[in-house]
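J.: Here you go, this is model.cif (mmCIF, C-alpha atoms).
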data_start
#
loop_
_atom_site.label_atom_id
_atom_site.label_comp_id
_atom_site.auth_asym_id
_atom_site.auth_seq_id
_atom_site.Cartn_x
_atom_site.Cartn_y
_atom_site.Cartn_z
CA MET A 1 0.00 0.00 0.00
CA LEU A 2 1.14 3.53 -0.78
CA ALA A 3 0.11 6.87 0.63
CA TYR A 4 0.33 10.16 -1.18
CA VAL A 5 0.62 12.70 1.62
CA PHE A 6 -0.15 16.31 0.72
CA SER A 7 0.75 18.94 3.34
CA HIS A 8 -0.83 22.36 3.00
CA ARG A 9 -2.11 25.39 4.87
CA PRO A 10 -4.77 28.00 4.30
CA ALA A 11 -3.72 31.41 3.00
CA GLU A 12 -3.45 34.23 5.49
CA GLY A 13 -6.90 35.60 6.20
CA ALA A 14 -8.69 32.51 4.88
CA ASP A 15 -11.73 31.35 6.82
CA VAL A 16 -10.41 28.20 8.54
CA ALA A 17 -13.87 26.74 9.21
CA ARG A 18 -14.75 27.13 5.52
CA TYR A 19 -11.38 25.68 4.51
CA GLU A 20 -11.96 22.60 6.67
CA ALA A 21 -15.53 22.22 5.40
CA GLY A 22 -14.13 22.30 1.86
CA LEU A 23 -11.64 19.57 2.74
CA LYS A 24 -14.48 17.41 4.07
CA ARG A 25 -16.53 17.97 0.91
CA PHE A 26 -13.57 17.07 -1.28
CA HIS A 27 -12.76 13.83 0.56
CA PHE A 28 -16.45 12.89 0.62
CA ALA A 29 -16.70 13.46 -3.16
CA LEU A 30 -13.54 11.43 -3.73
CA ALA A 31 -14.93 8.54 -1.68
CA ALA A 32 -18.27 8.74 -3.49
CA HIS A 33 -16.58 8.69 -6.92
CA PRO A 34 -13.27 6.83 -6.36
CA PRO A 35 -10.72 6.47 -9.16
CA ALA A 36 -9.18 3.10 -9.99
CA GLY A 37 -6.72 1.90 -7.34
CA PHE A 38 -7.95 4.35 -4.70
CA ASN A 39 -8.59 2.93 -1.22
CA SER A 40 -9.40 5.88 1.04
CA SER A 41 -8.38 9.38 2.09
CA GLY A 42 -8.58 11.73 5.01
CA SER A 43 -7.48 15.17 6.10
CA TYR A 44 -5.77 15.93 9.41
CA ARG A 45 -4.80 19.06 11.33
CA VAL A 46 -1.07 18.85 11.98
CA ASP A 47 0.69 21.67 13.86
CA GLY A 48 -1.00 24.65 12.27
CA GLY A 49 -1.37 23.07 8.85
CA TYR A 50 -3.05 20.10 7.24
CA ALA A 51 -1.96 16.73 5.91
CA ASP A 52 -4.16 14.83 3.48
CA TRP A 53 -3.47 11.10 3.28
CA TYR A 54 -4.54 9.34 0.07
CA LEU A 55 -4.17 5.55 0.22
CA VAL A 56 -3.70 3.82 -3.12
CA GLU A 57 -3.00 0.25 -4.16
CA ASN A 58 0.14 1.03 -6.16
CA SER A 59 2.00 3.75 -8.04
CA ALA A 60 -0.13 3.23 -11.17
CA ALA A 61 -3.13 4.48 -9.17
CA LEU A 62 -1.46 7.87 -8.72
CA ASP A 63 -2.23 8.88 -12.32
CA ALA A 64 -5.91 8.09 -11.85
CA LEU A 65 -5.98 9.94 -8.50
CA ASN A 66 -4.24 12.97 -10.01
CA ASP A 67 -6.78 13.18 -12.83
CA ALA A 68 -9.79 12.40 -10.66
CA ALA A 69 -8.97 15.05 -8.04
CA VAL A 70 -9.74 17.89 -10.44
CA THR A 71 -12.57 16.46 -12.56
CA GLY A 72 -16.19 15.46 -12.22
CA ALA A 73 -17.94 15.75 -8.86
CA ARG A 74 -14.56 16.34 -7.18
CA ALA A 75 -13.58 19.42 -9.22
CA ARG A 76 -15.59 22.07 -7.37
CA PRO A 77 -14.64 21.07 -3.80
CA HIS A 78 -11.02 20.66 -4.91
CA ASP A 79 -10.93 24.11 -6.50
CA GLU A 80 -12.56 25.79 -3.47
CA VAL A 81 -9.85 24.51 -1.16
CA ALA A 82 -7.05 25.08 -3.67
CA LEU A 83 -8.05 28.74 -4.07
CA ALA A 84 -7.90 29.24 -0.30
CA ALA A 85 -4.54 27.47 0.14
CA ALA A 86 -1.22 29.29 0.50
CA ALA A 87 1.28 26.52 -0.02
CA GLY A 88 1.55 22.79 -0.37
CA SER A 89 3.98 19.95 -0.86
CA GLY A 90 3.53 16.24 -1.32
CA LYS A 91 5.42 13.05 -0.79
CA LEU A 92 4.94 9.39 -1.54
CA MET A 93 5.10 6.96 1.37
CA SER A 94 5.12 3.16 1.44
CA LEU A 95 3.66 1.14 4.30
CA VAL A 96 6.47 -0.74 6.07
CA SER A 97 4.45 -2.26 8.91
CA GLY A 98 1.11 -2.07 10.63
CA ALA A 99 -2.11 -0.67 9.20
CA LEU A 100 -3.18 2.94 8.90
CA ASP A 101 -5.33 3.95 11.87
CA PRO A 102 -7.46 6.96 10.87
CA LEU A 103 -7.67 7.91 14.55
CA ALA A 104 -3.90 8.00 15.07
CA GLY A 105 -3.38 11.21 17.03
CA PHE A 106 0.35 11.55 16.51
CA GLU A 107 2.77 11.74 13.58
CA ILE A 108 6.34 10.99 14.53
CA GLY A 109 8.84 11.90 11.84
CA PHE A 110 12.47 10.80 11.74
CA SER A 111 15.28 9.75 9.43
CA LYS A 112 17.41 6.63 9.46
CA PRO A 113 20.52 7.25 11.54
CA ALA A 114 23.76 7.32 9.56
CA GLY A 115 25.50 3.95 9.51
CA MET A 116 22.35 2.00 10.40
CA SER A 117 20.81 -0.32 7.82
CA TYR A 118 17.11 -0.14 7.02
CA ALA A 119 16.68 -3.71 8.28
CA ASP A 120 18.33 -2.81 11.60
CA LEU A 121 16.15 0.28 11.96
CA VAL A 122 12.94 -1.65 11.32
CA SER A 123 14.09 -4.31 13.78
CA ALA A 124 14.95 -1.70 16.44
CA LEU A 125 11.47 -0.21 16.10
CA LEU A 126 9.61 -3.51 16.61
CA PRO A 127 8.74 -2.80 20.27
CA TRP A 128 6.69 0.17 19.01
CA THR A 129 5.61 -0.89 15.52
CA GLY A 130 4.29 -4.20 16.82
CA ARG A 131 1.61 -2.39 18.83
CA ALA A 132 -1.99 -2.11 17.68
CA GLY A 133 -2.78 1.22 16.08
CA VAL A 134 0.82 1.94 15.04
CA SER A 135 1.95 2.07 11.43
CA LEU A 136 5.37 2.79 9.98
CA TRP A 137 5.68 4.58 6.63
CA LYS A 138 8.82 5.19 4.55
CA ARG A 139 9.25 7.91 1.96
CA MET A 140 9.79 6.42 -1.48
CA MET A 141 12.63 7.34 -3.82
CA VAL A 142 13.16 10.68 -2.06
CA LEU A 143 9.87 11.84 -3.56
CA GLY A 144 9.06 14.68 -1.22
CA PRO A 145 10.53 16.59 1.70
CA PRO A 146 12.05 15.03 4.80
CA PRO A 147 11.68 13.32 7.15
CA GLU A 148 12.24 9.92 5.59
CA PHE A 149 9.99 7.97 7.99
CA CYS A 150 6.65 8.58 9.66
CA LEU A 151 5.20 6.58 12.51
CA LEU A 152 1.48 7.08 13.09
CA ALA A 153 0.21 6.21 16.54
CA ARG A 154 -2.73 6.83 18.86
CA SER A 155 -0.41 7.91 21.67
CA GLU A 156 2.98 9.53 21.98
CA LEU A 157 5.84 7.04 21.80
CA ASP A 158 9.11 7.19 23.71
CA LEU A 159 11.36 6.28 20.77
CA PRO A 160 15.15 5.90 20.87
CA ALA A 161 16.91 9.28 20.90
CA VAL A 162 19.29 8.10 18.16
CA ILE A 163 16.54 8.51 15.54
CA GLN A 164 15.81 12.09 16.68
CA PRO A 165 12.01 11.74 16.54
CA GLU A 166 9.83 14.80 16.00
CA THR A 167 6.32 14.28 17.35
CA ARG A 168 3.41 16.33 16.04
CA SER A 169 -0.24 16.14 17.06
CA ARG A 170 -2.67 14.95 14.40
CA GLN A 171 -6.43 15.48 14.51
CA PRO A 172 -8.89 14.22 11.91
CA ILE A 173 -10.95 16.87 10.14
#
As structure tokens, please, write out the structure in this file.
T.:
Amino acid sequence: MLAYVFSHRPAEGADVARYEAGLKRFHFALAAHPPAGFNSSGSYRVDGGYADWYLVENSAALDALNDAAVTGARARPHDEVALAAAAGSGKLMSLVSGALDPLAGFEIGFSKPAGMSYADLVSALLPWTGRAGVSLWKRMMVLGPPPEFCLLARSELDLPAVIQPETRSRQPI
């Protein structure tokens, strides 16, 4: 499973309640008229901005999602939010372990420590990633800004200091 994660914020002076209502309308329209390979989506408040998570079956589904987002019943709600947005950036993440929990209240970003293999990192994280409601995601092919990894969890996690975790609150819209 892949996740296209789009981070954005409303423009200065934008009506935040209207912005969030527009996000809800867009995700509802996307769910009601899903493109091929699309599983689900949701929008979350994350430290003063927003992160939209779009779950797709594979990278081929990204083309269909890209086209679908701005056409048909999805076009108007998409355009309303886009006009009120100030900035945005996206990245492609791959599910390493666990399952996405839409109620996960925390995003914990970090990068692989220098000199540590990916296998060793995943193994070192097992005490946390083996818990219910925790999922580990890895940025693919450096497609998007850092950090390289994202752990989603329902509660804050006391992770090893060597990975320099940055915890941010996450609230569903």
J.: For Leu62 of chain A, find every residue with an atom within 12 Å (counting all atoms listed in the file), except residues of its own chain fewer than 5 positions away, and show them as a list in words.
T.: Met1, Leu2, Ala3, Tyr4, Val5, Pro35, Ala36, Gly37, Phe38, Asn39, Tyr54, Leu55, Val56, Glu57, Asp67, Ala68, Ala69, Lys91 and Leu92 of chain A
J.: So which residues get picked by the PyMOL selection byres ((chain A and resi 13-24) around 9) here, written as number ranges by chain?
T.: A: 10-12, 25-29, 42-43, 52, 77-78, 80-81, 84-85, 173
J.: Could you state the separation of atom CA of Gly109 of chain A and atom CA of Asn66 of chain A in Å, given to one decimal place?
T.: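 Atom-to-atom, atom CA of Gly109 of chain A and atom CA of Asn66 of chain A are spaced 25.5 Å apart.
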J.: Which residues would end up in the selection if the PyMOL selection byres ((chain A and resi 122) around 12) were applied here, given that I need the answer as a JSON list (two decimals) with C-alpha atoms, in the coordinates of the input?
T.:
[["chain", "number", "residue", "atom", "x", "y", "z"],
["A", 95, "LEU", "CA", 3.66, 1.14, 4.30],
["A", 96, "VAL", "CA", 6.47, -0.74, 6.07],
["A", 97, "SER", "CA", 4.45, -2.26, 8.91],
["A", 98, "GLY", "CA", 1.11, -2.07, 10.63],
["A", 111, "SER", "CA", 15.28, 9.75, 9.43],
["A", 112, "LYS", "CA", 17.41, 6.63, 9.46],
["A", 113, "PRO", "CA", 20.52, 7.25, 11.54],
["A", 116, "MET", "CA", 22.35, 2.00, 10.40],
["A", 117, "SER", "CA", 20.81, -0.32, 7.82],
["A", 118, "TYR", "CA", 17.11, -0.14, 7.02],
["A", 119, "ALA", "CA", 16.68, -3.71, 8.28],
["A", 120, "ASP", "CA", 18.33, -2.81, 11.60],
["A", 121, "LEU", "CA", 16.15, 0.28, 11.96],
["A", 123, "SER", "CA", 14.09, -4.31, 13.78],
["A", 124, "ALA", "CA", 14.95, -1.70, 16.44],
["A", 125, "LEU", "CA", 11.47, -0.21, 16.10],
["A", 126, "LEU", "CA", 9.61, -3.51, 16.61],
["A", 127, "PRO", "CA", 8.74, -2.80, 20.27],
["A", 128, "TRP", "CA", 6.69, 0.17, 19.01],
["A", 129, "THR", "CA", 5.61, -0.89, 15.52],
["A", 130, "GLY", "CA", 4.29, -4.20, 16.82],
["A", 135, "SER", "CA", 1.95, 2.07, 11.43],
["A", 136, "LEU", "CA", 5.37, 2.79, 9.98],
["A", 137, "TRP", "CA", 5.68, 4.58, 6.63],
["A", 138, "LYS", "CA", 8.82, 5.19, 4.55],
["A", 149, "PHE", "CA", 9.99, 7.97, 7.99],
["A", 151, "LEU", "CA", 5.20, 6.58, 12.51],
["A", 163, "ILE", "CA", 16.54, 8.51, 15.54]]
J.: Rank A:Thr71, A:Ser155, A:Ser94, A:Gln171 by their smallest atom-to-atom distance to Val142 of chain A, using all atoms listed in the file, and report the top residue only.
T.: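 Using all atoms listed in the file, Val142 of chain A sits closest to A:Ser94.
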J.: Please indicate the distance in Å from atom CA of Asp47 of chain A to atom CA of Pro172 of chain A, rounded to one decimal place.
T.: 12.3 Å
J.: Grab the atom CA of Arg76 of chain A to atom CA of Met93 of chain A distance for me, in Å with one decimal place.
T.: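 Result for atom CA of Arg76 of chain A versus atom CA of Met93 of chain A: 27.1 Å, one decimal.
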J.: May I have the residues within 8 Å of Leu100 of chain A as a JSON list (two decimals) with C-alpha atoms, in the frame of the given file, using only C-alpha atoms and disregarding those fewer than 6 positions away in the same chain?
T.:
[["chain", "number", "residue", "atom", "x", "y", "z"],
["A", 133, "GLY", "CA", -2.78, 1.22, 16.08],
["A", 134, "VAL", "CA", 0.82, 1.94, 15.04],
["A", 135, "SER", "CA", 1.95, 2.07, 11.43],
["A", 152, "LEU", "CA", 1.48, 7.08, 13.09]]
J.: When the PyMOL selection byres ((chain A and resi 106-108) around 6) is applied to the structure above, which residues does it catch, written out as an MDAnalysis selection string?
T.: chainID A and resid 104:105 109 150:153 166:170
J.: Counting all atoms listed in the file, figure out which residue out of A:Arg45, A:Ala132, A:Gln164, A:Ala87 gets nearest to Glu148 of chain A.
T.: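 For Glu148 of chain A, the nearest of the candidates is A:Gln164.
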